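This is data_38.cif (mmCIF, C-alpha atoms and all ligand atoms).
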```cif
data_upload
#
loop_
_atom_site.group_PDB
_atom_site.id
_atom_site.type_symbol
_atom_site.label_atom_id
_atom_site.label_comp_id
_atom_site.auth_asym_id
_atom_site.auth_seq_id
_atom_site.Cartn_x
_atom_site.Cartn_y
_atom_site.Cartn_z
ATOM 1 C CA MET A 8 47.170 130.829 186.813
ATOM 2 C CA LYS A 9 47.811 134.336 185.549
ATOM 3 C CA ILE A 10 44.869 135.994 183.798
ATOM 4 C CA LEU A 11 44.515 139.320 181.983
ATOM 5 C CA VAL A 12 41.085 140.982 181.977
ATOM 6 C CA VAL A 13 40.577 143.720 179.358
ATOM 7 C CA GLU A 14 37.263 145.393 180.139
ATOM 8 C CA ASP A 15 36.404 149.111 180.176
ATOM 9 C CA GLU A 16 33.344 148.889 182.434
ATOM 10 C CA GLU A 17 34.997 149.240 185.825
ATOM 11 C CA ARG A 18 32.162 147.573 187.707
ATOM 12 C CA VAL A 19 32.254 144.484 185.478
ATOM 13 C CA ALA A 20 36.076 144.380 185.494
ATOM 14 C CA HIS A 21 36.152 144.607 189.272
ATOM 15 C CA PHE A 22 33.533 141.876 189.643
ATOM 16 C CA ILE A 23 35.445 139.513 187.322
ATOM 17 C CA GLN A 24 38.775 140.292 189.004
ATOM 18 C CA LYS A 25 37.396 139.680 192.476
ATOM 19 C CA GLY A 26 35.798 136.359 191.501
ATOM 20 C CA LEU A 27 38.879 135.044 189.713
ATOM 21 C CA LYS A 28 41.130 136.054 192.620
ATOM 22 C CA GLU A 29 38.886 134.085 194.957
ATOM 23 C CA GLU A 30 39.563 131.073 192.731
ATOM 24 C CA GLY A 31 43.288 131.558 193.385
ATOM 25 C CA HIS A 32 44.273 133.230 190.116
ATOM 26 C CA ALA A 33 46.590 136.206 189.678
ATOM 27 C CA VAL A 34 44.572 138.833 187.789
ATOM 28 C CA ASP A 35 45.710 141.959 185.927
ATOM 29 C CA VAL A 36 43.072 144.396 184.684
ATOM 30 C CA SER A 37 43.280 146.797 181.766
ATOM 31 C CA HIS A 38 40.560 149.279 180.763
ATOM 32 C CA ASP A 39 41.326 149.901 177.094
ATOM 33 C CA GLY A 40 42.404 148.024 173.975
ATOM 34 C CA GLU A 41 45.797 149.676 173.546
ATOM 35 C CA ASP A 42 46.941 149.067 177.100
ATOM 36 C CA GLY A 43 45.451 145.550 177.121
ATOM 37 C CA GLY A 44 47.263 144.619 173.899
ATOM 38 C CA PHE A 45 50.506 145.969 175.343
ATOM 39 C CA LEU A 46 50.154 143.944 178.577
ATOM 40 C CA ALA A 47 49.305 140.802 176.594
ATOM 41 C CA GLU A 48 52.547 141.242 174.678
ATOM 42 C CA VAL A 49 54.928 141.976 177.532
ATOM 43 C CA ASN A 50 53.539 139.573 180.148
ATOM 44 C CA ASP A 51 53.110 135.839 180.013
ATOM 45 C CA TYR A 52 49.428 135.085 180.712
ATOM 46 C CA ASP A 53 47.659 131.734 180.864
ATOM 47 C CA LEU A 54 44.378 133.273 179.701
ATOM 48 C CA ILE A 55 43.046 136.591 178.374
ATOM 49 C CA LEU A 56 39.445 137.769 178.865
ATOM 50 C CA LEU A 57 38.833 140.343 176.164
ATOM 51 C CA ASP A 58 35.828 142.625 175.831
ATOM 52 C CA VAL A 59 34.875 143.484 172.211
ATOM 53 C CA MET A 60 33.719 147.091 172.671
ATOM 54 C CA LEU A 61 36.749 148.894 174.118
ATOM 55 C CA PRO A 62 38.108 152.450 173.969
ATOM 56 C CA LYS A 63 41.161 153.171 171.752
ATOM 57 C CA LYS A 64 41.157 149.742 170.063
ATOM 58 C CA ASN A 65 38.403 147.141 169.888
ATOM 59 C CA GLY A 66 38.823 143.592 171.177
ATOM 60 C CA ILE A 67 38.719 142.038 167.696
ATOM 61 C CA SER A 68 41.728 144.119 166.579
ATOM 62 C CA VAL A 69 43.568 143.423 169.844
ATOM 63 C CA CYS A 70 43.029 139.694 169.386
ATOM 64 C CA ARG A 71 44.162 139.751 165.753
ATOM 65 C CA GLU A 72 47.307 141.709 166.675
ATOM 66 C CA ILE A 73 48.388 139.435 169.496
ATOM 67 C CA ARG A 74 47.862 136.377 167.279
ATOM 68 C CA ASP A 75 49.892 138.078 164.510
ATOM 69 C CA ARG A 76 52.706 138.433 167.039
ATOM 70 C CA GLY A 77 52.657 134.704 167.686
ATOM 71 C CA ILE A 78 51.031 134.823 171.122
ATOM 72 C CA THR A 79 48.982 131.634 171.529
ATOM 73 C CA THR A 80 47.465 132.355 174.973
ATOM 74 C CA PRO A 81 43.780 131.317 175.006
ATOM 75 C CA VAL A 82 41.414 134.265 174.497
ATOM 76 C CA LEU A 83 37.843 134.360 175.804
ATOM 77 C CA MET A 84 35.873 137.169 174.113
ATOM 78 C CA LEU A 85 33.177 139.028 176.013
ATOM 79 C CA THR A 86 30.593 140.335 173.575
ATOM 80 C CA ALA A 87 27.734 142.657 174.411
ATOM 81 C CA ARG A 88 25.424 141.467 171.689
ATOM 82 C CA ASP A 89 24.526 137.969 170.744
ATOM 83 C CA SER A 90 25.160 138.680 167.101
ATOM 84 C CA VAL A 91 26.425 135.877 164.899
ATOM 85 C CA GLU A 92 28.575 138.385 163.029
ATOM 86 C CA ASP A 93 30.413 139.485 166.200
ATOM 87 C CA ARG A 94 31.073 135.926 167.257
ATOM 88 C CA VAL A 95 32.352 134.916 163.842
ATOM 89 C CA ARG A 96 34.636 137.975 163.684
ATOM 90 C CA GLY A 97 35.983 137.167 167.134
ATOM 91 C CA LEU A 98 36.674 133.534 166.336
ATOM 92 C CA ASP A 99 38.173 134.509 162.955
ATOM 93 C CA ALA A 100 40.490 136.911 164.764
ATOM 94 C CA GLY A 101 41.839 134.016 166.821
ATOM 95 C CA ALA A 102 39.626 133.926 169.926
ATOM 96 C CA ASP A 103 39.099 130.475 171.451
ATOM 97 C CA ASP A 104 35.659 131.013 172.923
ATOM 98 C CA TYR A 105 33.166 133.794 173.619
ATOM 99 C CA LEU A 106 30.638 134.716 176.245
ATOM 100 C CA VAL A 107 27.631 136.988 175.706
ATOM 101 C CA LYS A 108 27.056 139.753 178.256
ATOM 102 C CA PRO A 109 25.367 139.814 180.664
ATOM 103 C CA PHE A 110 26.587 136.421 181.841
ATOM 104 C CA ALA A 111 26.313 134.459 185.071
ATOM 105 C CA PHE A 112 29.615 134.369 186.915
ATOM 106 C CA GLU A 113 29.327 130.583 187.214
ATOM 107 C CA GLU A 114 29.292 130.340 183.436
ATOM 108 C CA LEU A 115 32.359 132.564 183.123
ATOM 109 C CA LEU A 116 34.178 130.332 185.634
ATOM 110 C CA ALA A 117 33.175 127.202 183.729
ATOM 111 C CA ARG A 118 34.522 128.661 180.446
ATOM 112 C CA VAL A 119 37.717 129.792 182.170
ATOM 113 C CA ARG A 120 38.228 126.317 183.654
ATOM 114 C CA ALA A 121 37.616 124.668 180.283
ATOM 115 C CA LEU A 122 40.153 126.914 178.524
ATOM 116 C CA LEU A 123 42.768 126.526 181.253
ATOM 117 C CA ARG A 124 42.250 122.761 181.217
ATOM 118 C CA ARG A 125 42.704 122.662 177.450
ATOM 119 C CA GLN A 126 45.865 124.720 177.891
ATOM 120 C CA ALA A 127 47.105 122.427 180.680
ATOM 121 C CA ASP A 128 46.332 119.304 178.615
ATOM 122 C CA SER A 129 48.447 120.617 175.771
ATOM 123 C CA LYS A 130 51.319 121.128 178.205
ATOM 124 C CA THR A 131 51.933 118.352 180.734
ATOM 125 C CA PRO A 132 48.970 116.669 182.415
ATOM 126 C CA THR A 133 50.641 116.097 185.790
ATOM 127 C CA LEU A 134 53.400 118.252 187.231
ATOM 128 C CA GLN A 135 55.935 116.307 189.185
ATOM 129 C CA MET A 136 59.175 116.558 191.132
ATOM 130 C CA ALA A 137 60.639 113.546 192.922
ATOM 131 C CA ASN A 138 57.574 111.998 194.601
ATOM 132 C CA LEU A 139 55.633 115.276 194.716
ATOM 133 C CA GLU A 140 52.776 115.436 192.203
ATOM 134 C CA LEU A 141 50.255 118.091 191.244
ATOM 135 C CA ASP A 142 47.361 117.429 188.888
ATOM 136 C CA PRO A 143 46.212 120.749 187.348
ATOM 137 C CA ILE A 144 42.888 119.237 186.298
ATOM 138 C CA THR A 145 41.730 117.803 189.623
ATOM 139 C CA ARG A 146 43.926 120.265 191.601
ATOM 140 C CA MET A 147 45.060 117.305 193.681
ATOM 141 C CA VAL A 148 48.513 117.460 195.301
ATOM 142 C CA THR A 149 50.268 114.414 196.738
ATOM 143 C CA ARG A 150 53.704 113.557 198.082
ATOM 144 C CA GLY A 151 54.681 109.906 198.215
ATOM 145 C CA GLY A 152 51.059 109.169 197.304
ATOM 146 C CA LYS A 153 49.713 110.973 200.389
ATOM 147 C CA PRO A 154 47.288 113.833 199.690
ATOM 148 C CA ILE A 155 48.328 117.328 200.786
ATOM 149 C CA ARG A 156 45.709 119.978 201.529
ATOM 150 C CA LEU A 157 46.632 123.419 200.236
ATOM 151 C CA THR A 158 44.827 126.754 200.293
ATOM 152 C CA THR A 159 44.086 128.301 196.860
ATOM 153 C CA LYS A 160 47.090 130.619 197.153
ATOM 154 C CA GLU A 161 49.463 127.887 198.312
ATOM 155 C CA TYR A 162 48.246 125.766 195.410
ATOM 156 C CA ALA A 163 48.840 128.593 192.912
ATOM 157 C CA LEU A 164 52.322 129.143 194.351
ATOM 158 C CA LEU A 165 53.227 125.459 194.126
ATOM 159 C CA GLU A 166 51.895 125.198 190.576
ATOM 160 C CA TYR A 167 54.045 128.157 189.523
ATOM 161 C CA LEU A 168 57.136 126.604 191.189
ATOM 162 C CA LEU A 169 56.467 123.236 189.526
ATOM 163 C CA ARG A 170 56.107 124.893 186.121
ATOM 164 C CA ASN A 171 59.540 126.459 186.648
ATOM 165 C CA PRO A 172 61.571 123.655 188.210
ATOM 166 C CA HIS A 173 65.258 124.064 189.168
ATOM 167 C CA LYS A 174 65.083 127.806 188.518
ATOM 168 C CA VAL A 175 65.723 130.499 191.089
ATOM 169 C CA LEU A 176 62.557 132.598 191.224
ATOM 170 C CA SER A 177 62.798 136.063 192.724
ATOM 171 C CA ARG A 178 60.118 137.504 194.984
ATOM 172 C CA THR A 179 59.247 139.944 192.196
ATOM 173 C CA LEU A 180 58.668 137.145 189.674
ATOM 174 C CA ILE A 181 56.625 135.108 192.133
ATOM 175 C CA GLY A 182 54.624 138.196 193.098
ATOM 176 C CA GLU A 183 53.809 139.013 189.472
ATOM 177 C CA HIS A 184 52.781 135.483 188.566
ATOM 178 C CA VAL A 185 50.971 134.323 191.656
ATOM 179 C CA TRP A 186 49.620 137.640 192.929
ATOM 180 C CA ASP A 187 49.322 140.414 190.317
ATOM 181 C CA MET A 188 51.258 143.285 188.801
ATOM 182 C CA ASN A 189 50.437 145.615 191.698
ATOM 183 C CA PHE A 190 52.040 143.244 194.168
ATOM 184 C CA ASP A 191 54.433 144.945 196.589
ATOM 185 C CA PRO A 192 57.739 143.003 196.425
ATOM 186 C CA GLU A 193 58.784 144.578 199.742
ATOM 187 C CA SER A 194 56.013 142.843 201.657
ATOM 188 C CA ASN A 195 56.788 139.556 203.407
ATOM 189 C CA VAL A 196 53.630 137.787 202.251
ATOM 190 C CA ILE A 197 55.574 135.503 199.869
ATOM 191 C CA ASP A 198 57.946 134.404 202.643
ATOM 192 C CA VAL A 199 54.969 133.567 204.815
ATOM 193 C CA TYR A 200 53.304 131.490 202.076
ATOM 194 C CA ILE A 201 56.600 129.768 201.214
ATOM 195 C CA SER A 202 57.041 128.788 204.829
ATOM 196 C CA HIS A 203 53.498 127.350 205.016
ATOM 197 C CA LEU A 204 53.988 125.506 201.747
ATOM 198 C CA ARG A 205 57.370 124.132 202.833
ATOM 199 C CA ASN A 206 55.812 122.764 206.014
ATOM 200 C CA LYS A 207 53.157 120.988 203.999
ATOM 201 C CA ILE A 208 55.288 119.504 201.226
ATOM 202 C CA ASP A 209 58.681 118.896 202.860
ATOM 203 C CA LYS A 210 58.043 118.167 206.527
ATOM 204 C CA GLY A 211 58.760 114.520 207.339
ATOM 205 C CA HIS A 212 60.444 113.813 203.987
ATOM 206 C CA ASP A 213 64.134 113.006 203.513
ATOM 207 C CA ILE A 214 64.627 115.120 200.404
ATOM 208 C CA PRO A 215 63.643 118.777 200.818
ATOM 209 C CA LEU A 216 62.333 120.334 197.604
ATOM 210 C CA LEU A 217 61.629 123.965 198.422
ATOM 211 C CA HIS A 218 64.806 125.935 199.080
ATOM 212 C CA THR A 219 65.614 129.531 199.949
ATOM 213 C CA MET A 220 68.427 131.100 197.927
ATOM 214 C CA ARG A 221 69.529 133.872 200.237
ATOM 215 C CA GLY A 222 69.168 137.294 198.657
ATOM 216 C CA GLN A 223 67.904 135.779 195.391
ATOM 217 C CA GLY A 224 64.589 134.092 195.984
ATOM 218 C CA TYR A 225 63.320 130.542 196.034
ATOM 219 C CA ILE A 226 63.891 127.368 194.077
ATOM 220 C CA LEU A 227 62.013 124.098 193.804
ATOM 221 C CA SER A 228 64.541 121.371 193.132
ATOM 222 C CA ASP A 229 65.557 117.856 194.136
ATOM 223 C CA HIS A 230 69.130 118.393 192.963
ATOM 224 C CA ASN A 231 72.002 119.014 195.363
ATOM 225 C CA LEU A 232 72.141 122.753 195.724
ATOM 226 C CA PRO A 233 75.131 124.872 196.732
ATOM 227 C CA LEU A 234 73.274 126.705 199.491
HETATM 228 CA CA CA B 1 33.004 147.465 176.735
#
```
What is this file in structure tokens?
Amino acid sequence: MKILVVEDEERVAHFIQKGLKEEGHAVDVSHDGEDGGFLAEVNDYDLILLDVMLPKKNGISVCREIRDRGITTPVLMLTARDSVEDRVRGLDAGADDYLVKPFAFEELLARVRALLRRQADSKTPTLQMANLELDPITRMVTRGGKPIRLTTKEYALLEYLLRNPHKVLSRTLIGEHVWDMNFDPESNVIDVYISHLRNKIDKGHDIPLLHTMRGQGYILSDHNLPL
């Protein structure tokens, strides 16, 4: 999943980013309200972690503005004080949940999982192509009913491909969604992961699903492709 973290305390932002990356998420970080609001508008995130006390524009205003623009991405507010007023203002501005700082990282992860699950439930519960299935809730992947073991990054890559079926996805797009906005599209890391993933999902099956479109990128499809 692709997550935006808007937090001005660099130490806290770094700690959150590191932890979420270890869980296999692509994480962008912004250190002020103006920049964070801009990123939330131009990029397609699955979740936004939004601090309340931010330079340039506070989190409540950022949240209200992105909701006014029709962006429905779940927002988890990070508030410094456990004040009822702050929480109510945050929820009124369109936040989905809040967490009082300082928080245990385990609790942050639990809230993130709950929000992503709610988001996934409102979309499609199981992602599927031919006899390949991925359950975003249990994170279980099977082909022809047989379980496939994936690393967190391979899983994130496959989930992104399954959410964009039959579409040619460029290295840049994949890099932005599965890694983060600082991803170097010139590196061959995507090709390496694609090749690992292809071995795991296609090897031994009659219908290959993961295809390379030379010079364009990759596509997950069970249609006949003009390769
Ligand atoms: Ca702050």
Next on the checklist: Hey, which residues sit close to ligand CA 1 (chain B)? Say within 8 Å, counting all atoms listed in the file, and write them as a list of chain:residue names.
Outcome noted: A:Glu14, A:Asp15, A:Glu16, A:Asp58, A:Val59, A:Met60, A:Leu61, A:Pro62, A:Ala87
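Proximity to Ile73 in chain A was assessed for A:Leu54, A:Ala47, A:Val95, A:Val196 counting all atoms listed in the file; the smallest distance is recorded for A:Ala47.
Within the 9 Å cut-off around Tyr105 in chain A, using all atoms listed in the file and omitting residues fewer than 3 positions from it on the same chain, the listed residues are Val82, Leu83, Met84, Leu85, Thr86, Arg94, Gly97, Leu98, Ala102 and Arg118 of chain A.
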Keeping only C-alpha atoms, take the residues you just selected and write them out as a tab-separated table (two decimals), in the coordinates of the input.
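Result file is out.tsv:
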```tsv
chain	number	residue	atom	x	y	z
A	82	VAL	CA	41.41	134.26	174.50
A	83	LEU	CA	37.84	134.36	175.80
A	84	MET	CA	35.87	137.17	174.11
A	85	LEU	CA	33.18	139.03	176.01
A	86	THR	CA	30.59	140.34	173.58
A	94	ARG	CA	31.07	135.93	167.26
A	97	GLY	CA	35.98	137.17	167.13
A	98	LEU	CA	36.67	133.53	166.34
A	102	ALA	CA	39.63	133.93	169.93
A	118	ARG	CA	34.52	128.66	180.45
```
Item to check | Of the listed residues A:Leu122, A:Val19, A:Val175, A:Ala137, that which approaches His212 in chain A most closely, counting all atoms listed in the file | outcome: A:Ala137
Next on the checklist: One decimal, in Å: what's the spacing between CA of Gln135 in chain A and CA of Leu176 in chain A?
Outcome noted: 17.7 Å
Item to check | 9 Å contact set for range 163-167 of chain A, only C-alpha atoms, chain neighbours under 2 positions out, as a list in words | outcome: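 Counting only C-alpha atoms, the residues come to Met8, Gly31, His32, Ala33, Leu134, Leu141, Pro143, Thr158, Thr159, Lys160, Glu161, Leu169, Arg170, Asn171, Pro172, Ile181, His184, Val185, Tyr200, Ile201, Leu204 and Leu227 of chain A.
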Give me a file of those residues, with C-alpha atoms, as a PDB file, keeping the file's coordinate frame.
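Ended up saving to part-v4.pdb:
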```
ATOM      1  CA  MET A   8      47.170 130.829 186.813  1.00  0.00           C
ATOM      2  CA  GLY A  31      43.288 131.558 193.385  1.00  0.00           C
ATOM      3  CA  HIS A  32      44.273 133.230 190.116  1.00  0.00           C
ATOM      4  CA  ALA A  33      46.590 136.206 189.678  1.00  0.00           C
ATOM      5  CA  LEU A 134      53.400 118.252 187.231  1.00  0.00           C
ATOM      6  CA  LEU A 141      50.255 118.091 191.244  1.00  0.00           C
ATOM      7  CA  PRO A 143      46.212 120.749 187.348  1.00  0.00           C
ATOM      8  CA  THR A 158      44.827 126.754 200.293  1.00  0.00           C
ATOM      9  CA  THR A 159      44.086 128.301 196.860  1.00  0.00           C
ATOM     10  CA  LYS A 160      47.090 130.619 197.153  1.00  0.00           C
ATOM     11  CA  GLU A 161      49.463 127.887 198.312  1.00  0.00           C
ATOM     12  CA  LEU A 169      56.467 123.236 189.526  1.00  0.00           C
ATOM     13  CA  ARG A 170      56.107 124.893 186.121  1.00  0.00           C
ATOM     14  CA  ASN A 171      59.540 126.459 186.648  1.00  0.00           C
ATOM     15  CA  PRO A 172      61.571 123.655 188.210  1.00  0.00           C
ATOM     16  CA  ILE A 181      56.625 135.108 192.133  1.00  0.00           C
ATOM     17  CA  HIS A 184      52.781 135.483 188.566  1.00  0.00           C
ATOM     18  CA  VAL A 185      50.971 134.323 191.656  1.00  0.00           C
ATOM     19  CA  TYR A 200      53.304 131.490 202.076  1.00  0.00           C
ATOM     20  CA  ILE A 201      56.600 129.768 201.214  1.00  0.00           C
ATOM     21  CA  LEU A 204      53.988 125.506 201.747  1.00  0.00           C
ATOM     22  CA  LEU A 227      62.013 124.098 193.804  1.00  0.00           C
TER      23      LEU A 227
END
```
Item to check | A:Leu123, A:Glu17, A:Leu57, A:Phe190 ranked by distance to Val107 in chain A, top pick (using only C-alpha atoms) | outcome: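 Distance minimum relative to Val107 in chain A lands on A:Leu57.
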Next on the checklist: Which residues would end up in the selection if the PyMOL selection byres (((chain A and resi 198) around 12) and not hetatm) were applied here, given that I need the answer as number ranges by chain?
Outcome noted: A: 161, 164, 177-179, 181-182, 192-197, 199-205, 217-221, 224-225
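Nearest residue to Asp39 in chain A, choosing from A:Gln24, A:Asn231, A:Thr80, A:Asn65 and counting only C-alpha atoms: A:Asn65.
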Checklist entry - So how many Å separate CA of Pro109 in chain A and CA of Ile23 in chain A, to one decimal? => result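 Interatomic distance here is 12.1 Å.
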I need the output of the PyMOL selection byres (((chain A and resi 187) around 6) and not hetatm) for this file as a compact mmCIF listing (two decimals) with C-alpha atoms, in the frame of the given file; which residues are they?
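Wrote out-v8.txt, looks like this:
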```txt
# COMPACT_ATOMS: atom_id res chain seq x y z
CA ALA A 33 46.59 136.21 189.68
CA VAL A 34 44.57 138.83 187.79
CA ASP A 35 45.71 141.96 185.93
CA GLU A 183 53.81 139.01 189.47
CA TRP A 186 49.62 137.64 192.93
CA MET A 188 51.26 143.28 188.80
CA ASN A 189 50.44 145.62 191.70
CA PHE A 190 52.04 143.24 194.17
```
Next on the checklist: Which residues are close to Asp142 in chain A, i.e. within 12 Å by only C-alpha atoms, leaving aside same-chain residues fewer than 2 positions away? Reply as a ChimeraX atom specification.
Outcome noted: /A:124,127-128,130-135,139-140,144-150,154-155,162-163,165-166,169-170
Checklist entry - Any idea what the distance is between CA of Val13 in chain A and CA of Val69 in chain A? => result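 Result for CA of Val13 in chain A versus CA of Val69 in chain A: 10.0 Å, one decimal.
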